[in-house]
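Some notes on the structure that comes next.
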Amino acid sequence: MNGIDWGDAPTWIAGAFAALAAFYARSTLRSQQSQIAEQRSFIAEQSANLQLERQALSADLDDRRSAQARQVRLKHIAHGAELNVDSGQMEGASQWYLTVANESDAPLYGLSVTFNDLPASWVQSPGRAGAQPLRILARGMEAEFQSPAFEPTELSGARGVVTFKDDQGVSWRLRADEQLEEVTDPEPAA
């Protein structure tokens, strides 16, 4: 008989099924690789979105954290000047009067002012006049500070620097140019 070798037929059928299984496994593998690539892309997008949201939340937290401190206003007035008759200008001012206005909705605590690293020599606030620091400056109130006497040539560099704690207990430093920065409290001496 010159016909088909039936003894090899099961091997041929098994080989055909193995080829089909390999083709199916390869297509499944490609599909899974494609899905994994899509998932990685999706995760990368989500990670980028989460990073942007985290930055926005952090910026919002910083804004809320400094909201009260940003409502503190300073007004400098030079005192001790004399009128120069020739020029018609006030000259020779020797002191600053600094008004600190709390325009926030909460009190300020431990308010103190320095001029060129020297403490203010005089403080006046509602119901009080005297030494620093001013323990509490209520909302909507003002306090006036007077600098020590300076030489007229030193006065422009001796602008006031205000330090205080907000209602949340955060310490701040406010400079004459209205630059606001959070400061850490010094460690208590042991």
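Ordered as shown in the structure tokens, chains take letters A, B, and onward, while each chain numbers its residues from 1 and ligands are numbered from 1 in the order shown.
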
Can you tell me, as an MDAnalysis selection string, which residues in chain A count as helix (DSSP H, G or I) by DSSP? chainID A and resid 6:66 69:71 152:155

Which of region 13-187 of chain A counts as strand (DSSP E) under DSSP, as a VMD selection string please? chain A and resid 72 to 79 82 to 83 90 to 91 95 to 102 108 to 115 118 to 119 122 to 125 128 to 130 134 to 137 142 to 146 160 to 165 171 to 175 180 to 183

Fewer than 4 positions away in the same chain doesn't count, so skip those; otherwise give me all residues within 8 Å of Arg175 (chain A), counting only C-alpha atoms, as an MDAnalysis selection string. chainID A and resid 159:162 179:180

Same residues, C-alpha atoms, output as a short mmCIF file (atom, residue, chain, number, x, y, z; two decimals), in the first residue's frame:
data_model
loop_
_atom_site.label_atom_id
_atom_site.label_comp_id
_atom_site.auth_asym_id
_atom_site.auth_seq_id
_atom_site.Cartn_x
_atom_site.Cartn_y
_atom_site.Cartn_z
CA ARG A 159 14.48 99.97 58.03
CA GLY A 160 12.33 97.94 60.39
CA VAL A 161 12.09 94.16 60.40
CA VAL A 162 9.00 92.71 62.09
CA GLN A 179 9.32 90.46 51.80
CA LEU A 180 7.68 87.81 53.99
#

To one decimal place in Å, what is the distance between CA of Phe150 (chain A) and CA of Val72 (chain A)?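 For CA of Phe150 (chain A) relative to CA of Val72 (chain A), the distance reads 25.7 Å.
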
Which of A:Gln124, A:Gln68, A:Ser31, A:Thr114 sits closest to Ser147 (chain A) [using only C-alpha atoms]: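 The closest residue to Ser147 (chain A) is A:Thr114.
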
Env of Val183 (chain A): 9 Å cut, atoms = only C-alpha atoms, seq-sep filter 6 positions within chain, self excluded. Answer as a list of chain:residue names.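 Here the answer would be A:Thr163, A:Val170, A:Ser171, A:Trp172, A:Arg173.
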
For region 138-146 of chain A, please output as a VMD selection string all residues within 12 Å (counting only C-alpha atoms; exclusion window: fewer than 5 positions along the same chain). chain A and resid 68 to 69 71 to 80 94 to 115 118 to 133 158 to 162 166 to 167
